[in-house]
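What follows is the content of target-v2.pdb, which has PDB, C-alpha atoms, pLDDT in the B column:
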```
ATOM      1  CA  MET A 121     -35.370  53.037 -39.689  1.00 48.00           C
ATOM      2  CA  LYS A 122     -33.667  55.604 -41.922  1.00 51.00           C
ATOM      3  CA  LYS A 123     -35.555  58.425 -40.193  1.00 51.00           C
ATOM      4  CA  LEU A 124     -34.507  57.142 -36.770  1.00 44.00           C
ATOM      5  CA  ALA A 125     -30.848  56.970 -37.842  1.00 49.00           C
ATOM      6  CA  LEU A 126     -31.029  60.511 -39.244  1.00 44.00           C
ATOM      7  CA  ILE A 127     -32.653  61.857 -36.066  1.00 49.00           C
ATOM      8  CA  LEU A 128     -29.991  60.187 -33.885  1.00 43.00           C
ATOM      9  CA  LEU A 129     -27.207  61.517 -36.093  1.00 44.00           C
ATOM     10  CA  LEU A 130     -28.533  65.081 -36.072  1.00 45.00           C
ATOM     11  CA  SER A 131     -29.279  65.088 -32.344  1.00 44.00           C
ATOM     12  CA  GLY A 132     -25.802  63.771 -31.536  1.00 46.00           C
ATOM     13  CA  SER A 133     -24.042  66.198 -33.859  1.00 44.00           C
ATOM     14  CA  GLY A 134     -24.935  69.108 -31.576  1.00 42.00           C
ATOM     15  CA  HIS A 135     -22.721  67.531 -28.911  1.00 43.00           C
ATOM     16  CA  PHE A 136     -19.659  67.993 -31.151  1.00 42.00           C
ATOM     17  CA  VAL A 137     -20.118  71.769 -31.300  1.00 42.00           C
ATOM     18  CA  PHE A 138     -18.884  71.940 -27.708  1.00 44.00           C
ATOM     19  CA  ALA A 139     -15.571  70.162 -28.367  1.00 54.00           C
ATOM     20  CA  GLN A 140     -12.721  71.818 -26.478  1.00 57.00           C
ATOM     21  CA  LYS A 141     -14.818  74.580 -24.922  1.00 58.00           C
ATOM     22  CA  PRO A 142     -13.786  75.955 -21.490  1.00 57.00           C
ATOM     23  CA  ASP A 143     -16.795  74.366 -19.768  1.00 70.00           C
ATOM     24  CA  LYS A 144     -16.068  70.897 -21.192  1.00 84.00           C
ATOM     25  CA  LEU A 145     -13.763  68.785 -19.006  1.00 94.00           C
ATOM     26  CA  THR A 146     -12.595  66.201 -21.569  1.00 95.00           C
ATOM     27  CA  SER A 147     -12.385  65.759 -25.324  1.00 94.00           C
ATOM     28  CA  PHE A 148     -11.164  63.225 -27.838  1.00 97.00           C
ATOM     29  CA  ARG A 149      -9.329  64.052 -31.080  1.00 97.00           C
ATOM     30  CA  LEU A 150      -8.718  62.129 -34.284  1.00 98.00           C
ATOM     31  CA  GLY A 151      -6.103  63.636 -36.544  1.00 97.00           C
ATOM     32  CA  LEU A 152      -4.224  63.401 -39.791  1.00 97.00           C
ATOM     33  CA  GLU A 153      -0.559  64.408 -39.611  1.00 94.00           C
ATOM     34  CA  GLY A 154       2.200  64.506 -42.154  1.00 93.00           C
ATOM     35  CA  GLY A 155       5.541  66.083 -42.802  1.00 91.00           C
ATOM     36  CA  VAL A 156       8.677  66.261 -44.818  1.00 89.00           C
ATOM     37  CA  SER A 157      12.296  66.483 -43.710  1.00 82.00           C
ATOM     38  CA  PRO A 158      13.682  70.047 -43.823  1.00 80.00           C
ATOM     39  CA  ASN A 159      16.702  68.665 -45.700  1.00 69.00           C
ATOM     40  CA  VAL A 160      14.884  66.832 -48.498  1.00 56.00           C
ATOM     41  CA  GLY A 161      17.958  66.835 -50.751  1.00 58.00           C
ATOM     42  CA  THR A 162      19.859  64.403 -48.521  1.00 58.00           C
ATOM     43  CA  THR A 163      17.266  62.500 -46.502  1.00 59.00           C
ATOM     44  CA  GLN A 164      14.278  62.005 -48.854  1.00 60.00           C
ATOM     45  CA  TYR A 165      12.025  61.595 -45.834  1.00 74.00           C
ATOM     46  CA  PHE A 166       8.226  62.000 -45.888  1.00 81.00           C
ATOM     47  CA  ASN A 167       5.649  60.688 -43.403  1.00 85.00           C
ATOM     48  CA  LEU A 168       1.877  60.568 -43.119  1.00 91.00           C
ATOM     49  CA  GLY A 169      -0.358  59.038 -40.497  1.00 93.00           C
ATOM     50  CA  LEU A 170      -3.365  59.003 -38.224  1.00 95.00           C
ATOM     51  CA  THR A 171      -3.274  60.023 -34.581  1.00 95.00           C
ATOM     52  CA  ALA A 172      -5.697  59.928 -31.663  1.00 97.00           C
ATOM     53  CA  ARG A 173      -5.568  61.659 -28.314  1.00 96.00           C
ATOM     54  CA  TYR A 174      -7.527  62.107 -25.135  1.00 98.00           C
ATOM     55  CA  SER A 175      -7.521  65.618 -23.628  1.00 96.00           C
ATOM     56  CA  LEU A 176      -8.347  66.934 -20.164  1.00 97.00           C
ATOM     57  CA  HIS A 177      -9.137  70.622 -19.586  1.00 95.00           C
ATOM     58  CA  ALA A 178      -6.381  72.157 -17.440  1.00 95.00           C
ATOM     59  CA  GLY A 179      -5.941  75.902 -17.005  1.00 92.00           C
ATOM     60  CA  PRO A 180      -6.182  77.878 -20.257  1.00 91.00           C
ATOM     61  CA  GLY A 181      -5.800  74.766 -22.403  1.00 92.00           C
ATOM     62  CA  TYR A 182      -5.770  70.990 -22.508  1.00 95.00           C
ATOM     63  CA  ALA A 183      -3.306  68.399 -21.235  1.00 97.00           C
ATOM     64  CA  TYR A 184      -3.339  65.316 -23.454  1.00 98.00           C
ATOM     65  CA  VAL A 185      -1.996  61.841 -24.100  1.00 98.00           C
ATOM     66  CA  GLY A 186      -2.081  60.252 -27.526  1.00 97.00           C
ATOM     67  CA  THR A 187      -0.758  57.729 -29.985  1.00 95.00           C
ATOM     68  CA  GLY A 188      -0.973  56.980 -33.674  1.00 93.00           C
ATOM     69  CA  TYR A 189       0.441  55.194 -36.660  1.00 91.00           C
ATOM     70  CA  MET A 190       2.733  56.901 -39.183  1.00 87.00           C
ATOM     71  CA  VAL A 191       4.176  55.532 -42.412  1.00 85.00           C
ATOM     72  CA  SER A 192       7.027  56.970 -44.438  1.00 79.00           C
ATOM     73  CA  ARG A 193       8.191  56.898 -48.017  1.00 70.00           C
ATOM     74  CA  GLU A 194      11.798  55.935 -47.307  1.00 60.00           C
ATOM     75  CA  GLY A 195      14.004  55.030 -44.398  1.00 56.00           C
ATOM     76  CA  ILE A 196      11.888  53.992 -41.439  1.00 58.00           C
ATOM     77  CA  ASN A 197       8.764  52.378 -42.881  1.00 65.00           C
ATOM     78  CA  PHE A 198       6.461  52.813 -39.872  1.00 77.00           C
ATOM     79  CA  GLN A 199       6.370  54.750 -36.608  1.00 83.00           C
ATOM     80  CA  ILE A 200       4.177  54.423 -33.539  1.00 88.00           C
ATOM     81  CA  PRO A 201       4.359  57.584 -31.400  1.00 89.00           C
ATOM     82  CA  ILE A 202       3.261  57.795 -27.782  1.00 94.00           C
ATOM     83  CA  ARG A 203       2.954  61.455 -26.801  1.00 95.00           C
ATOM     84  CA  VAL A 204       1.983  63.644 -23.852  1.00 98.00           C
ATOM     85  CA  GLY A 205       1.612  67.388 -24.111  1.00 97.00           C
ATOM     86  CA  TYR A 206      -0.251  70.600 -23.499  1.00 98.00           C
ATOM     87  CA  LYS A 207      -2.353  72.634 -25.918  1.00 96.00           C
ATOM     88  CA  PHE A 208      -2.346  76.279 -24.783  1.00 96.00           C
ATOM     89  CA  ILE A 209      -5.324  78.176 -26.196  1.00 92.00           C
ATOM     90  CA  PHE A 210      -4.490  81.880 -26.106  1.00 89.00           C
ATOM     91  CA  SER A 211      -7.629  83.157 -27.833  1.00 87.00           C
ATOM     92  CA  THR A 212     -10.833  81.545 -28.994  1.00 82.00           C
ATOM     93  CA  GLN A 213      -9.192  80.392 -32.234  1.00 90.00           C
ATOM     94  CA  PHE A 214      -5.397  80.267 -31.825  1.00 96.00           C
ATOM     95  CA  PHE A 215      -3.306  77.670 -30.016  1.00 96.00           C
ATOM     96  CA  ILE A 216       0.270  76.582 -29.428  1.00 97.00           C
ATOM     97  CA  GLN A 217       1.074  73.089 -28.250  1.00 96.00           C
ATOM     98  CA  GLU A 218       4.162  71.278 -27.090  1.00 97.00           C
ATOM     99  CA  ASP A 219       4.429  67.553 -26.759  1.00 94.00           C
ATOM    100  CA  PHE A 220       7.021  65.053 -25.709  1.00 97.00           C
ATOM    101  CA  GLY A 221       6.945  61.465 -26.695  1.00 95.00           C
ATOM    102  CA  TYR A 222       8.551  58.206 -27.514  1.00 94.00           C
ATOM    103  CA  TYR A 223       8.525  56.594 -30.960  1.00 88.00           C
ATOM    104  CA  PHE A 224       8.851  52.966 -31.948  1.00 86.00           C
ATOM    105  CA  PHE A 225      10.159  52.247 -35.470  1.00 79.00           C
ATOM    106  CA  LYS A 226      10.544  49.235 -37.682  1.00 75.00           C
ATOM    107  CA  ASP A 227      13.910  49.290 -39.462  1.00 65.00           C
ATOM    108  CA  PRO A 228      13.403  48.189 -43.095  1.00 63.00           C
ATOM    109  CA  GLU A 229      17.127  47.559 -43.586  1.00 65.00           C
ATOM    110  CA  SER A 230      17.355  44.909 -40.878  1.00 65.00           C
ATOM    111  CA  TYR A 231      16.777  41.242 -41.635  1.00 63.00           C
ATOM    112  CA  ALA A 232      13.204  41.100 -43.007  1.00 60.00           C
ATOM    113  CA  GLY A 233      12.493  44.444 -41.300  1.00 56.00           C
ATOM    114  CA  GLN A 234      12.322  42.819 -37.865  1.00 66.00           C
ATOM    115  CA  THR A 235      14.503  45.225 -35.859  1.00 70.00           C
ATOM    116  CA  VAL A 236      12.530  47.726 -33.790  1.00 78.00           C
ATOM    117  CA  LEU A 237      14.252  51.031 -33.047  1.00 79.00           C
ATOM    118  CA  HIS A 238      13.061  53.778 -30.722  1.00 87.00           C
ATOM    119  CA  GLY A 239      13.656  57.439 -29.972  1.00 89.00           C
ATOM    120  CA  LEU A 240      12.518  60.444 -27.977  1.00 94.00           C
ATOM    121  CA  SER A 241      10.360  63.063 -29.671  1.00 92.00           C
ATOM    122  CA  ILE A 242       9.851  66.779 -29.102  1.00 95.00           C
ATOM    123  CA  ALA A 243       7.195  68.526 -31.202  1.00 95.00           C
ATOM    124  CA  THR A 244       6.009  72.133 -31.307  1.00 97.00           C
ATOM    125  CA  SER A 245       2.819  73.111 -33.110  1.00 97.00           C
ATOM    126  CA  ALA A 246       0.795  76.259 -33.765  1.00 98.00           C
ATOM    127  CA  GLY A 247      -2.588  76.548 -35.360  1.00 97.00           C
ATOM    128  CA  LEU A 248      -6.222  77.554 -35.538  1.00 97.00           C
ATOM    129  CA  GLN A 249      -9.332  76.064 -33.969  1.00 92.00           C
ATOM    130  CA  LEU A 250     -12.245  76.267 -36.378  1.00 93.00           C
ATOM    131  CA  GLY A 251     -15.239  74.955 -34.450  1.00 89.00           C
ATOM    132  CA  ILE A 252     -14.706  71.240 -33.896  1.00 93.00           C
ATOM    133  CA  PHE A 253     -11.730  71.176 -36.276  1.00 96.00           C
ATOM    134  CA  ASP A 254      -8.172  72.332 -35.783  1.00 94.00           C
ATOM    135  CA  ILE A 255      -5.470  72.906 -38.362  1.00 97.00           C
ATOM    136  CA  GLY A 256      -1.832  73.695 -37.756  1.00 98.00           C
ATOM    137  CA  ILE A 257       1.821  73.398 -38.596  1.00 98.00           C
ATOM    138  CA  GLN A 258       4.231  71.243 -36.624  1.00 96.00           C
ATOM    139  CA  TYR A 259       7.967  70.760 -36.165  1.00 95.00           C
ATOM    140  CA  ASP A 260       8.816  67.300 -34.824  1.00 90.00           C
ATOM    141  CA  ALA A 261      12.353  66.271 -33.841  1.00 89.00           C
ATOM    142  CA  ILE A 262      13.069  62.612 -33.103  1.00 85.00           C
ATOM    143  CA  ILE A 263      16.244  61.896 -31.189  1.00 87.00           C
ATOM    144  CA  ASN A 264      17.861  58.476 -31.606  1.00 80.00           C
ATOM    145  CA  GLN A 265      20.949  57.078 -33.347  1.00 72.00           C
ATOM    146  CA  ASN A 266      19.597  58.472 -36.664  1.00 70.00           C
ATOM    147  CA  ASN A 267      18.368  61.896 -35.499  1.00 76.00           C
ATOM    148  CA  PHE A 268      15.792  63.309 -37.883  1.00 76.00           C
ATOM    149  CA  SER A 269      13.033  65.869 -37.941  1.00 84.00           C
ATOM    150  CA  THR A 270      10.010  66.854 -39.973  1.00 88.00           C
ATOM    151  CA  ILE A 271       8.119  70.038 -40.717  1.00 93.00           C
ATOM    152  CA  GLY A 272       4.535  69.284 -41.436  1.00 94.00           C
ATOM    153  CA  PHE A 273       0.834  69.783 -40.983  1.00 97.00           C
ATOM    154  CA  MET A 274      -1.850  68.516 -38.662  1.00 96.00           C
ATOM    155  CA  LEU A 275      -5.609  68.374 -39.139  1.00 97.00           C
ATOM    156  CA  GLY A 276      -7.810  67.340 -36.251  1.00 97.00           C
ATOM    157  CA  TRP A 277     -11.412  66.626 -35.414  1.00 97.00           C
ATOM    158  CA  ASN A 278     -12.288  67.206 -31.751  1.00 93.00           C
ATOM    159  CA  PHE A 279     -15.360  65.728 -30.115  1.00 92.00           C
TER     160      PHE A 279
END
```

Have the structure of the file written as structure tokens, please.
Amino acid sequence: MKKLALILLLSGSGHFVFAQKPDKLTSFRLGLEGGVSPNVGTTQYFNLGLTARYSLHAGPGYAYVGTGYMVSREGINFQIPIRVGYKFIFSTQFFIQEDFGYYFFKDPESYAGQTVLHGLSIATSAGLQLGIFDIGIQYDAIINQNNFSTIGFMLGWNF
């Protein structure tokens, strides 16, 4: 049984090598994202979370739709983003992506944290594709009654 599991794992792992290649129509990405507010002295804002997205090959890159779950140290205690965007691959390793989205927040200062806020999001990212992995930096601005932004990182696994 162990040998069968190992053979299946190794035979399936070759499929991942072709993640986000020009001849592949779709891909799926799991990611880790985090950031800190550019004005840490006044906002004390930090977030970290997991994201997932489905991508479709379109032109020199990938159009995608995704969601995730982010938690923060202070202020808003969780965020659920819904994003659409485009990842433009301008060489075999470098990319720039732009996404637009909508965030849902739970306000910890409301009665028992029950109030749900929301806001529009605009994020710009740049990074490297390293085989099935990508790594990059991201600037994310969320526009609502408490406008805030983060500068952060993103790590992704494409398959």

Query - Selection dump of the PyMOL selection byres ((chain A and resi 235-250) around 7), as a ChimeraX atom specification - result: /A:213-227,230,233-234,251-264

Report the centre and edge lengths, in Å to one decimal, of an axis-aligned box enclosing every atom of stretch 197-210 of chain A listed in the file, padded by 5 Å on each side, as lines of an AutoDock Vina configuration file.
```
center_x = 1.7
center_y = 67.1
center_z = -33.2
size_x = 24.1
size_y = 39.5
size_z = 29.4
```

Work out how far apart atom CA of A:Pro201 and atom CA of A:Gly179 are and give it in Å to one decimal.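 For atom CA of A:Pro201 relative to atom CA of A:Gly179, the distance reads 25.5 Å.
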
Here atom CA of A:Tyr189 and atom CA of A:Val156 stand apart by 16.0 Å

Between A:Leu150, A:Leu275, A:Val204, A:Leu170, single out the one closest to A:Gly188, counting all atoms listed in the file.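 Under the stated criterion, the closest residue is A:Leu170.
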
Exercise. Which neighbours of A:Val191 fall inside 10 Å, counting all atoms listed in the file, when residues of the same chain fewer than 5 positions from it are skipped, and could you give them as a ChimeraX atom specification?
Worked result: /A:154,166-170,196-200,225

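One distance worth recording is that between atom CA of A:Ser269 and atom CA of A:Arg149, which is 23.5 Å.
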
Kindly provide, as a list of chain:residue names, the polymer residues lying within 6 Å of (-2.4, 60.8, -24.3), counting only C-alpha atoms and using the coordinates exactly as they appear in the file. A:Arg173, A:Tyr174, A:Tyr184, A:Val185, A:Gly186, A:Arg203, A:Val204

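Proximity to A:Ala178 was assessed for A:Phe208, A:Phe148, A:Phe273, A:Tyr165 counting only C-alpha atoms; the smallest distance is recorded for A:Phe208.
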
* Asked: When distances are computed from all atoms listed in the file, which of A:Thr212, A:Asn266, A:Ser175, A:Thr187 shows the smallest separation from A:Leu152?
  ->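 Checking each candidate against A:Leu152, we get A:Thr187 as the closest.
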
With the input short on atoms, add N, CA and C atoms back to stretch 197-215 of chain A and write it as a compact mmCIF listing (two decimals), in the coordinates of the input.
```
# COMPACT_ATOMS: atom_id res chain seq x y z
N ASN A 197 10.01 52.58 -42.15
CA ASN A 197 8.76 52.38 -42.88
C ASN A 197 7.51 52.44 -42.02
N PHE A 198 7.62 52.47 -40.70
CA PHE A 198 6.46 52.81 -39.87
C PHE A 198 6.93 53.35 -38.54
N GLN A 199 6.08 54.16 -37.91
CA GLN A 199 6.37 54.75 -36.61
C GLN A 199 5.11 54.65 -35.76
N ILE A 200 5.29 54.38 -34.49
CA ILE A 200 4.18 54.42 -33.54
C ILE A 200 4.58 55.40 -32.44
N PRO A 201 4.02 56.61 -32.45
CA PRO A 201 4.36 57.58 -31.40
C PRO A 201 3.46 57.43 -30.18
N ILE A 202 4.03 57.66 -29.02
CA ILE A 202 3.26 57.80 -27.78
C ILE A 202 3.64 59.17 -27.25
N ARG A 203 2.66 60.06 -27.13
CA ARG A 203 2.95 61.46 -26.80
C ARG A 203 2.11 61.95 -25.62
N VAL A 204 2.70 62.88 -24.86
CA VAL A 204 1.98 63.64 -23.85
C VAL A 204 2.30 65.11 -24.12
N GLY A 205 1.35 65.99 -23.84
CA GLY A 205 1.61 67.39 -24.11
C GLY A 205 0.56 68.30 -23.55
N TYR A 206 0.68 69.57 -23.94
CA TYR A 206 -0.25 70.60 -23.50
C TYR A 206 -0.57 71.50 -24.67
N LYS A 207 -1.86 71.74 -24.87
CA LYS A 207 -2.35 72.63 -25.92
C LYS A 207 -2.81 73.91 -25.23
N PHE A 208 -2.04 74.99 -25.40
CA PHE A 208 -2.35 76.28 -24.78
C PHE A 208 -3.20 77.08 -25.75
N ILE A 209 -4.41 77.40 -25.36
CA ILE A 209 -5.32 78.18 -26.20
C ILE A 209 -5.26 79.62 -25.72
N PHE A 210 -4.67 80.51 -26.56
CA PHE A 210 -4.49 81.88 -26.11
C PHE A 210 -5.51 82.84 -26.68
N SER A 211 -6.43 82.40 -27.45
CA SER A 211 -7.63 83.16 -27.83
C SER A 211 -8.66 82.12 -28.22
N THR A 212 -9.80 82.53 -28.68
CA THR A 212 -10.83 81.54 -28.99
C THR A 212 -10.46 80.68 -30.19
N GLN A 213 -9.52 81.15 -31.04
CA GLN A 213 -9.19 80.39 -32.23
C GLN A 213 -7.75 79.94 -32.34
N PHE A 214 -6.82 80.56 -31.64
CA PHE A 214 -5.40 80.27 -31.82
C PHE A 214 -4.86 79.40 -30.69
N PHE A 215 -3.93 78.51 -31.04
CA PHE A 215 -3.31 77.67 -30.02
C PHE A 215 -1.84 77.40 -30.36
```
